[in-house]
Structure formats: structure tokens, C-alpha cells
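Asker: My structure is below; once you've seen it, I'll send some questions.
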Amino acid sequence: MHELSIANSLVENAAEHAAQAGAARVTAITLRIGALSCVHESALRFSFELVTKDTLLEGADLKIVEVPVAIFCEECQREVTLPGIQRFRCPVCDTPGADIRQGRELDLESIEVVEQHAEVS
Amino acid sequence: MIEPRILEVRTKILKKNDELARQMRSEFMEAGVLVVNLVSSPGTGKTSLLRETLSRFVDSGSAVAAIVGDLETDNDARRLAESGAPVRQIMTHGCCHLEADMVQEHLDGWQLFGLEYLFIENVGNLVCPTSWDLGESVRVALLSVTEGEDKPLKYPGLFNTSDVAVITKMDLAEACEFDRQSALDNIQAVRPGMQVIETSAKSGSGIEEWIGILRQKRNQLMTTVDSAGS
């Protein structure tokens, strides 16, 4: 289950950004996960909950934006989105395409933080 | 009540691994080492293919080394060492894939300059190794004739990030009623234009072709390094 390693890197990464911003807590986190990234969402959510315990990310809402695969079609001369990941052919003209423009993302997009003094309530 | 603030950070989740892998790749290239990351399910025959490959390189006087990852045991390293090449074992103790820092640690004390080929045999797994760059120049996905022709469709992520596909155990193709055309079509479906080599470590078929491709890849690497240096 490599999602545990991904969650670990994610928390390390997010905590670093939060600390730089002087945040007390991270309340939400948004990821962009490409269809080709081999990440299982429920495994990632499970791991995230596990590794955020006793960190400033504990209880943070994990938002996942799924990114479909897009290839550049040489024939149509434009980027086309694929309906799945088993067939790398243009859905319009059926030309095979290996020039992948999106779908491999494993990105931390944004974090939602509350500042130091907000903790006092 | 203080409103939360949104910070747009836009970074790679595996940033640390990616950065280390990039640094390792430039060191490998500078030293003229072609690094090959072998990935497949457990039991596809990575170790058999690699032992045969190492032996032939050693016999022809090429400088080769290998690092092999497994959850437990150093059995594979001992099998590979029979080739005469220097081999190191990474025991991941439960981790399902190799990461760049594990490779870096196991390179300690090895002189990269003078080495021509370094093979990294990943942990047997067709999913987890996909996202971890190990600084390799070539990623190879292996598929054996005993596994089913639709494996590339079941694991498109790995096949799609690989540069070369090697079909192994071709000596068993007939006994397994292996549908060669279907396997080739499935590889091309998930990675159009992918180079495919059919091999048998047992009979030796396809091994020279495979070695030829590696030599060619290293020549290309050296040309890139030379033109970047001049």
C-alpha cells in the first residue's frame, strides 16, 4: 500500500508550508490526482487519517480533484481528454497518441490554514 | 471568529523524492552510467532475466552492477551475484516499492565513474513503484507469458510510464496458450509506440536483442552527455 508513503510525504510537505505561513492548524487540503497516478482514493484517505494524528493537520478535510488523462492528438492538432486509461487513442479520430499532457499529477494544490491567534477561542 | 486562509502551494507531493532522483540522474549521466529500473509483478522473472543479462555483460567485459529490492531475504542478490557482477540487496521490510533515497544509500562506496550499466530490480509489484522516480534513464515493464495478455490493460499506469516492455518466459508460450498478438495489442493500447522485446532467460532467445537495445540506449546517453558538455 504505497498510499501510506504518499500520505507521509503529503503531510511533511503541507506541514512545511503551514509552518512557513505561521499557521496553527491546517483545516483543509486540496490535491490533484491524475488518473494514471495509481492512487486508490480510499486507501489514501485511510492513510491520511492515520498519519495526520497528533500533527497540525489532524482532522483536516481532504479534497481530491481527479484529473483525467489528456493527450495531444497529432492528427487533430489539439489536446483531447480520454474517457479512460486503457486506450491511448484520440476519441475523435482514433489516432494513437503517446504525448501525455495531463493525468500523471500527484500534486498538492492548496492548503487551508488558520492563524496562530485563532486557537485562543 | 477568524476566517481560514487558503494558501496555493502547487507542489508535487513526492517533491523530495523527485528532487533527489533528478540529482541522481544527472550524476549517473555525468558518470556515463545507464540506469535501468526493472518493474513487474512477483514471479515474472526479473531476477532470471537480470542474472542472464549481467552474465553476458560480464563475459563481454562491460562494467555492470545491480541493486535488488525485496521485502525480505537476500536470496535474489545471491542469485544475481553468481553472474560475477557486484550486487547489493535492499530489504524494504514491508515497503512495497523502492524510493530514490533507498537506492542512494545502497550506492554508498560504489565508484560510479567506470561503471557502464546499473540495474535496479524493483520490488515485485505492478502498482506501487509507478510514482517513484529512482533516477533511472530507462524504465522497463516486464510481463511473463504465464500472467495473461491483458496485464497491460489492468495496470496501465506502470506500462504507460515505462520506456520498454519485455515479455519473459517465451519458452512457455505454447504451453500457456499465450496469445502473442493480443498481448502486443494491449501494450500498444496503453503505450502507443512502445518498444517490445520477447525473451526467454531459459532458452536465451531474445537476450542478445535485449542487450543490443541496452547498448544502444547507453550510446544515446553518452551522445547526450557529450553534446551537453561541449
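Convention: chains lettered A, B, ... in C-alpha cells order; per-chain residue numbering from 1; ligands numbered from 1 as shown.
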Fewer than 6 positions away in the same chain doesn't count, so skip those; otherwise give me all residues within 10 Å of Val123 in chain B, counting only C-alpha atoms, as a short mmCIF file (atom, residue, chain, number, x, y, z; two decimals) with N, CA and C atoms, in the first residue's frame.

Answerer:
data_model
loop_
_atom_site.label_atom_id
_atom_site.label_comp_id
_atom_site.auth_asym_id
_atom_site.auth_seq_id
_atom_site.Cartn_x
_atom_site.Cartn_y
_atom_site.Cartn_z
N LEU B 38 13.88 -2.10 -13.38
CA LEU B 38 13.07 -3.23 -13.84
C LEU B 38 11.86 -3.39 -12.92
N VAL B 39 10.67 -3.34 -13.51
CA VAL B 39 9.45 -3.43 -12.71
C VAL B 39 8.52 -4.51 -13.26
N SER B 40 7.98 -5.33 -12.38
CA SER B 40 6.98 -6.32 -12.79
C SER B 40 6.27 -6.88 -11.57
N SER B 41 5.30 -7.76 -11.80
CA SER B 41 4.66 -8.49 -10.69
C SER B 41 5.69 -9.43 -10.08
N PRO B 42 5.42 -9.96 -8.89
CA PRO B 42 6.30 -11.01 -8.36
C PRO B 42 6.19 -12.23 -9.28
N LYS B 46 12.09 -11.33 -13.27
CA LYS B 46 13.04 -10.21 -13.30
C LYS B 46 14.45 -10.71 -12.96
N VAL B 68 19.06 -4.83 -5.91
CA VAL B 68 17.79 -5.53 -5.98
C VAL B 68 16.97 -5.30 -4.71
N GLY B 69 15.69 -4.99 -4.91
CA GLY B 69 14.81 -4.71 -3.78
C GLY B 69 13.84 -5.84 -3.52
N ASP B 70 13.73 -6.22 -2.26
CA ASP B 70 12.72 -7.20 -1.83
C ASP B 70 12.26 -6.82 -0.44
N LEU B 71 11.09 -7.29 -0.07
CA LEU B 71 10.60 -7.01 1.28
C LEU B 71 11.51 -7.66 2.32
N ILE B 90 18.55 -4.50 -1.31
CA ILE B 90 17.80 -3.58 -0.44
C ILE B 90 16.67 -4.40 0.17
N MET B 91 16.63 -4.47 1.49
CA MET B 91 15.47 -5.10 2.14
C MET B 91 14.56 -3.99 2.62
N THR B 92 13.34 -3.95 2.10
CA THR B 92 12.46 -2.82 2.40
C THR B 92 11.64 -3.06 3.67
N CYS B 95 7.94 -2.38 2.83
CA CYS B 95 7.61 -1.33 1.87
C CYS B 95 7.50 -1.95 0.47
N CYS B 96 6.44 -1.57 -0.24
CA CYS B 96 6.05 -2.25 -1.48
C CYS B 96 6.73 -1.70 -2.73
N HIS B 97 7.67 -0.79 -2.58
CA HIS B 97 8.33 -0.19 -3.75
C HIS B 97 9.67 0.38 -3.30
N LEU B 98 10.53 0.70 -4.25
CA LEU B 98 11.79 1.37 -3.90
C LEU B 98 11.61 2.88 -4.04
N PRO B 129 5.41 0.85 -7.49
CA PRO B 129 6.64 1.51 -7.95
C PRO B 129 6.40 2.64 -8.96
#

Asker: Using only C-alpha atoms, determine which residues lie at most 12 Å from Glu82 in chain B, disregarding the query and same-chain residues fewer than 4 positions distant; provide the list as a ChimeraX atom specification.

Answerer: /B:47-48,50-56,58,66,75-78,86-87

Asker: Store the residues picked out above, limited to C-alpha atoms, as a JSON list (two decimals), in the first residue's frame.

Answerer:
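Okay, part_27.json is ready:
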[["chain", "number", "residue", "atom", "x", "y", "z"],
["B", 47, "THR", "CA", 15.85, -11.97, -11.45],
["B", 48, "SER", "CA", 16.31, -14.69, -14.09],
["B", 50, "LEU", "CA", 18.77, -9.95, -14.93],
["B", 51, "ARG", "CA", 21.14, -12.78, -14.00],
["B", 52, "GLU", "CA", 21.42, -13.74, -17.65],
["B", 53, "THR", "CA", 21.90, -10.10, -18.64],
["B", 54, "LEU", "CA", 24.60, -9.49, -16.03],
["B", 55, "SER", "CA", 26.45, -12.68, -17.03],
["B", 56, "ARG", "CA", 26.57, -11.68, -20.68],
["B", 58, "VAL", "CA", 30.41, -9.52, -17.52],
["B", 66, "ALA", "CA", 22.88, -4.33, -9.75],
["B", 75, "ASN", "CA", 18.10, -14.56, -1.95],
["B", 76, "ASP", "CA", 17.87, -12.51, -5.15],
["B", 77, "ALA", "CA", 21.15, -10.71, -4.52],
["B", 78, "ARG", "CA", 22.86, -14.07, -4.02],
["B", 86, "PRO", "CA", 28.73, -6.57, -7.87],
["B", 87, "VAL", "CA", 25.23, -6.79, -6.39]]

Asker: Can you pull out every residue within 12 Å of range 27-30 of chain A, counting only C-alpha atoms, but drop anything in the same chain fewer than 2 positions away, and send it as a VMD selection string?

Answerer: (chain A and resid 7 10 to 11 13 to 15 17 to 18 23 to 25 32 to 33 45 48 52 55 to 66 106 to 115) or (chain B and resid 3 to 11 13)

Asker: Write a file of the just-selected residues containing N, CA and C atoms, as a compact mmCIF listing (two decimals), in the first residue's frame.

Answerer:
# COMPACT_ATOMS: atom_id res chain seq x y z
N ALA A 7 0.93 9.59 1.65
CA ALA A 7 0.34 10.39 2.73
C ALA A 7 1.43 10.98 3.62
N LEU A 10 2.98 13.82 1.82
CA LEU A 10 1.97 14.88 1.74
C LEU A 10 1.94 15.69 3.04
N VAL A 11 1.91 15.00 4.16
CA VAL A 11 1.82 15.67 5.45
C VAL A 11 3.10 16.47 5.73
N ASN A 13 5.09 17.73 3.53
CA ASN A 13 5.02 18.85 2.59
C ASN A 13 4.08 19.96 3.07
N ALA A 14 2.88 19.57 3.44
CA ALA A 14 1.85 20.53 3.87
C ALA A 14 2.24 21.20 5.18
N ALA A 15 2.81 20.42 6.10
CA ALA A 15 3.20 20.97 7.40
C ALA A 15 4.29 22.02 7.22
N HIS A 17 4.76 23.98 4.57
CA HIS A 17 4.12 25.20 4.05
C HIS A 17 3.34 25.93 5.14
N ALA A 18 2.65 25.14 5.98
CA ALA A 18 1.84 25.74 7.05
C ALA A 18 2.74 26.45 8.06
N ALA A 23 1.00 29.21 10.45
CA ALA A 23 -0.33 28.70 10.74
C ALA A 23 -0.34 27.82 11.99
N ALA A 24 -1.46 27.83 12.68
CA ALA A 24 -1.61 26.98 13.86
C ALA A 24 -2.18 25.62 13.48
N ARG A 25 -3.01 25.65 12.49
CA ARG A 25 -3.70 24.42 12.11
C ARG A 25 -4.00 24.42 10.61
N ARG A 32 -4.51 17.31 -6.43
CA ARG A 32 -4.88 16.97 -7.82
C ARG A 32 -4.24 15.61 -8.12
N ILE A 33 -5.08 14.62 -8.37
CA ILE A 33 -4.60 13.27 -8.59
C ILE A 33 -4.95 12.81 -10.00
N ARG A 45 -7.19 8.14 1.78
CA ARG A 45 -7.95 8.77 2.88
C ARG A 45 -7.66 8.08 4.21
N PHE A 48 -4.16 8.99 5.24
CA PHE A 48 -4.10 10.40 5.62
C PHE A 48 -4.55 10.57 7.06
N THR A 52 -1.92 11.87 10.01
CA THR A 52 -2.12 13.25 10.47
C THR A 52 -2.38 13.32 11.98
N THR A 55 -0.71 15.80 14.55
CA THR A 55 0.02 16.82 13.78
C THR A 55 -0.93 18.02 13.61
N LEU A 56 -0.42 19.11 13.04
CA LEU A 56 -1.31 20.26 12.85
C LEU A 56 -2.28 20.05 11.69
N LEU A 57 -2.22 18.86 11.08
CA LEU A 57 -3.18 18.54 10.03
C LEU A 57 -4.31 17.64 10.53
N GLU A 58 -4.26 17.30 11.81
CA GLU A 58 -5.27 16.37 12.33
C GLU A 58 -6.68 16.91 12.11
N GLY A 59 -7.52 16.07 11.55
CA GLY A 59 -8.92 16.46 11.32
C GLY A 59 -9.13 17.27 10.05
N ALA A 60 -8.06 17.56 9.32
CA ALA A 60 -8.20 18.37 8.09
C ALA A 60 -9.04 17.63 7.05
N ASP A 61 -9.80 18.42 6.31
CA ASP A 61 -10.65 17.87 5.27
C ASP A 61 -9.79 17.61 4.03
N LEU A 62 -9.83 16.40 3.52
CA LEU A 62 -9.01 16.06 2.35
C LEU A 62 -9.86 16.13 1.09
N LYS A 63 -9.55 17.12 0.25
CA LYS A 63 -10.31 17.27 -1.00
C LYS A 63 -9.46 16.75 -2.16
N ILE A 64 -10.06 15.89 -2.95
CA ILE A 64 -9.30 15.31 -4.07
C ILE A 64 -9.95 15.66 -5.40
N VAL A 65 -9.18 16.34 -6.24
CA VAL A 65 -9.66 16.66 -7.58
C VAL A 65 -9.07 15.63 -8.53
N GLU A 66 -9.91 14.85 -9.18
CA GLU A 66 -9.40 13.83 -10.10
C GLU A 66 -9.14 14.44 -11.47
N LEU A 106 0.28 14.24 -9.17
CA LEU A 106 0.27 13.77 -7.78
C LEU A 106 0.66 15.04 -7.02
N ASP A 107 -0.26 16.01 -7.08
CA ASP A 107 0.08 17.37 -6.66
C ASP A 107 -0.68 17.84 -5.43
N LEU A 108 0.03 18.59 -4.62
CA LEU A 108 -0.60 19.29 -3.52
C LEU A 108 -0.93 20.68 -4.05
N GLU A 109 -2.21 20.94 -4.19
CA GLU A 109 -2.66 22.16 -4.84
C GLU A 109 -2.71 23.33 -3.85
N SER A 110 -3.45 23.14 -2.75
CA SER A 110 -3.57 24.23 -1.78
C SER A 110 -3.84 23.69 -0.38
N ILE A 111 -3.56 24.53 0.59
CA ILE A 111 -3.91 24.16 1.96
C ILE A 111 -4.69 25.32 2.58
N GLU A 112 -5.65 24.96 3.43
CA GLU A 112 -6.44 25.98 4.12
C GLU A 112 -5.96 26.00 5.56
N VAL A 113 -5.54 27.17 6.01
CA VAL A 113 -4.94 27.25 7.35
C VAL A 113 -5.66 28.27 8.24
N VAL A 114 -5.56 28.07 9.52
CA VAL A 114 -5.98 29.12 10.45
C VAL A 114 -4.74 29.60 11.19
N GLU A 115 -4.73 30.91 11.47
CA GLU A 115 -3.54 31.53 12.04
C GLU A 115 -3.38 31.20 13.52
N GLU B 3 -11.42 33.86 9.92
CA GLU B 3 -11.61 33.07 8.70
C GLU B 3 -10.35 32.30 8.33
N PRO B 4 -10.50 31.08 7.91
CA PRO B 4 -9.32 30.36 7.42
C PRO B 4 -8.78 31.00 6.13
N ARG B 5 -7.53 30.79 5.88
CA ARG B 5 -6.87 31.39 4.72
C ARG B 5 -6.41 30.25 3.80
N ILE B 6 -6.58 30.45 2.50
CA ILE B 6 -6.16 29.39 1.58
C ILE B 6 -4.79 29.72 0.97
N LEU B 7 -3.86 28.82 1.10
CA LEU B 7 -2.54 29.01 0.50
C LEU B 7 -2.41 28.13 -0.73
N GLU B 8 -2.18 28.76 -1.85
CA GLU B 8 -1.97 27.99 -3.10
C GLU B 8 -0.51 27.53 -3.08
N VAL B 9 -0.27 26.28 -2.89
CA VAL B 9 1.13 25.85 -2.80
C VAL B 9 1.65 25.17 -4.06
N ARG B 10 0.78 24.47 -4.75
CA ARG B 10 1.10 23.83 -6.04
C ARG B 10 2.48 23.16 -6.07
N THR B 11 2.63 22.12 -5.28
CA THR B 11 3.89 21.38 -5.34
C THR B 11 3.58 19.91 -5.59
N ILE B 13 3.55 16.20 -4.57
CA ILE B 13 3.50 15.55 -3.25
C ILE B 13 4.84 14.84 -2.98

Asker: Extract, using only C-alpha atoms, all DNA, RNA and protein residues at most 10 Å from Cys38 in chain A, discarding same-chain residues fewer than 2 positions from it, and format them as a PDB file with C-alpha atoms, in the first residue's frame.

Answerer:
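Listing of selection-v1.pdb after writing:
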ATOM      1  CA  HIS A   2       2.067   2.888  -1.320  1.00  0.00           C
ATOM      2  CA  GLU A   3      -0.663   5.383  -0.339  1.00  0.00           C
ATOM      3  CA  ILE A  33      -4.596  13.270  -8.587  1.00  0.00           C
ATOM      4  CA  GLY A  34      -4.142  12.109 -12.172  1.00  0.00           C
ATOM      5  CA  ALA A  35      -5.920   9.033 -13.494  1.00  0.00           C
ATOM      6  CA  LEU A  36      -2.505   7.473 -14.250  1.00  0.00           C
ATOM      7  CA  HIS A  40      -6.516   4.442  -4.598  1.00  0.00           C
ATOM      8  CA  GLU A  41      -8.640   7.173  -3.056  1.00  0.00           C
ATOM      9  CA  ARG A 104       0.075  11.874 -14.073  1.00  0.00           C
ATOM     10  CA  LEU A 106       0.268  13.770  -7.784  1.00  0.00           C
TER      11      LEU A 106
ATOM     12  CA  LEU B 126       2.938  -3.579 -10.748  1.00  0.00           C
ATOM     13  CA  VAL B 127       1.259  -0.674  -8.968  1.00  0.00           C
ATOM     14  CA  CYS B 128       3.280   0.910  -6.197  1.00  0.00           C
ATOM     15  CA  PRO B 129       6.644   1.515  -7.951  1.00  0.00           C
ATOM     16  CA  THR B 130       4.921   3.636 -10.641  1.00  0.00           C
ATOM     17  CA  SER B 131       5.152   7.024  -8.924  1.00  0.00           C
ATOM     18  CA  TYR B 155      -2.053  -1.947 -14.879  1.00  0.00           C
ATOM     19  CA  PRO B 156      -1.922   0.877 -17.423  1.00  0.00           C
ATOM     20  CA  GLY B 157      -0.185   3.267 -15.014  1.00  0.00           C
ATOM     21  CA  LEU B 158       3.019   1.287 -14.897  1.00  0.00           C
TER      22      LEU B 158
END

Asker: I need the residue nearest Lys12 in chain B from this list: B:Gln181, B:Asn160, B:Asn186, B:Trp132. Use only C-alpha atoms for the distance.

Answerer: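 Result for the nearest residue to Lys12 in chain B: B:Trp132.
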
Asker: Just give me the gap between CA of Val225 in chain B and CA of Ser83 in chain B in Å, one decimal is fine.

Answerer: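 Computed distance, CA of Val225 in chain B to CA of Ser83 in chain B, equals 29.2 Å.
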
Asker: Please provide as a list in words all residues within 9 Å of range 197-202 of chain B, with the sequence filter that same-chain residues fewer than 3 positions apart are discarded (counting only C-alpha atoms).

Answerer: Gly45, Ser48, Leu49, Leu50, Arg51, Glu52, Thr53, Val164, Ala165, Val166, Ile167, Thr168, Lys169, Met170, Asp171, Leu172, Ser205, Gly206, Ile207, Glu209 and Trp210 of chain B

Asker: From a backbone DSSP assignment, name each residue in chain A labelled strand (DSSP E), as a PyMOL selection string.

Answerer: chain A and resi 23-34+61-67+70-73+78-81+100-102+106-115

Asker: Give the answer as one residue: which of A:Gly103, A:Gly84, A:Pro96, A:Pro68 has the shortest atom-to-atom distance to chain B, using only C-alpha atoms?

Answerer: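 Closest to chain B, using only C-alpha atoms: A:Pro96.
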
Asker: Rounded to one decimal place, report the CA of Ala19 in chain A-CA of Met1 in chain A distance in Å.

Answerer: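 That distance, rounded to one decimal, is 28.4 Å.
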
Asker: Can you list, as a PyMOL selection string, every protein, DNA or RNA residue that comes within 9 Å of range 88-93 of chain A when you count only C-alpha atoms, leaving out same-chain residues fewer than 6 positions away?

Answerer: (chain A and resi 71-73+75-76+80-82) or (chain B and resi 188-192)

Asker: Those same residues, written as a compact mmCIF listing (two decimals), in the first residue's frame with C-alpha atoms?

Answerer:
# COMPACT_ATOMS: atom_id res chain seq x y z
CA ILE A 71 -3.08 13.58 -24.88
CA PHE A 72 -2.04 15.78 -27.76
CA CYS A 73 -3.53 14.39 -30.96
CA GLU A 75 -3.98 14.42 -36.38
CA CYS A 76 -6.46 16.87 -34.81
CA VAL A 80 -8.03 15.72 -26.23
CA THR A 81 -9.31 14.20 -22.99
CA LEU A 82 -9.53 10.42 -22.80
CA GLN B 188 0.33 -0.65 -27.72
CA ALA B 189 -3.14 0.35 -26.45
CA VAL B 190 -1.76 1.73 -23.20
CA ARG B 191 1.55 2.99 -24.58
CA PRO B 192 1.48 3.61 -28.33

Asker: Let's see if you can do this: from backbone DSSP, list all helix (DSSP H, G or I) residues in range 46-195 of chain B, as a ChimeraX atom specification.

Answerer: /B:46-59,75-81,100-106,128-131,151-154,156-161,170-172,180-190

Asker: Any idea what the distance is between CA of Thr95 in chain A and CA of Glu74 in chain A?

Answerer: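 That distance, rounded to one decimal, is 7.8 Å.
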
Asker: Taking into account only C-alpha atoms, which residue in the set A:Pro83, A:Ser42, A:Leu50, A:Asp99 is nearest to chain B?

Answerer: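 Of all the options, A:Asp99 lies closest to chain B.
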
Asker: Rank nothing, just name the residue among A:Glu79, A:Asp54, A:Glu49, A:Glu16 nearest to chain B, using only C-alpha atoms.

Answerer: A:Glu16
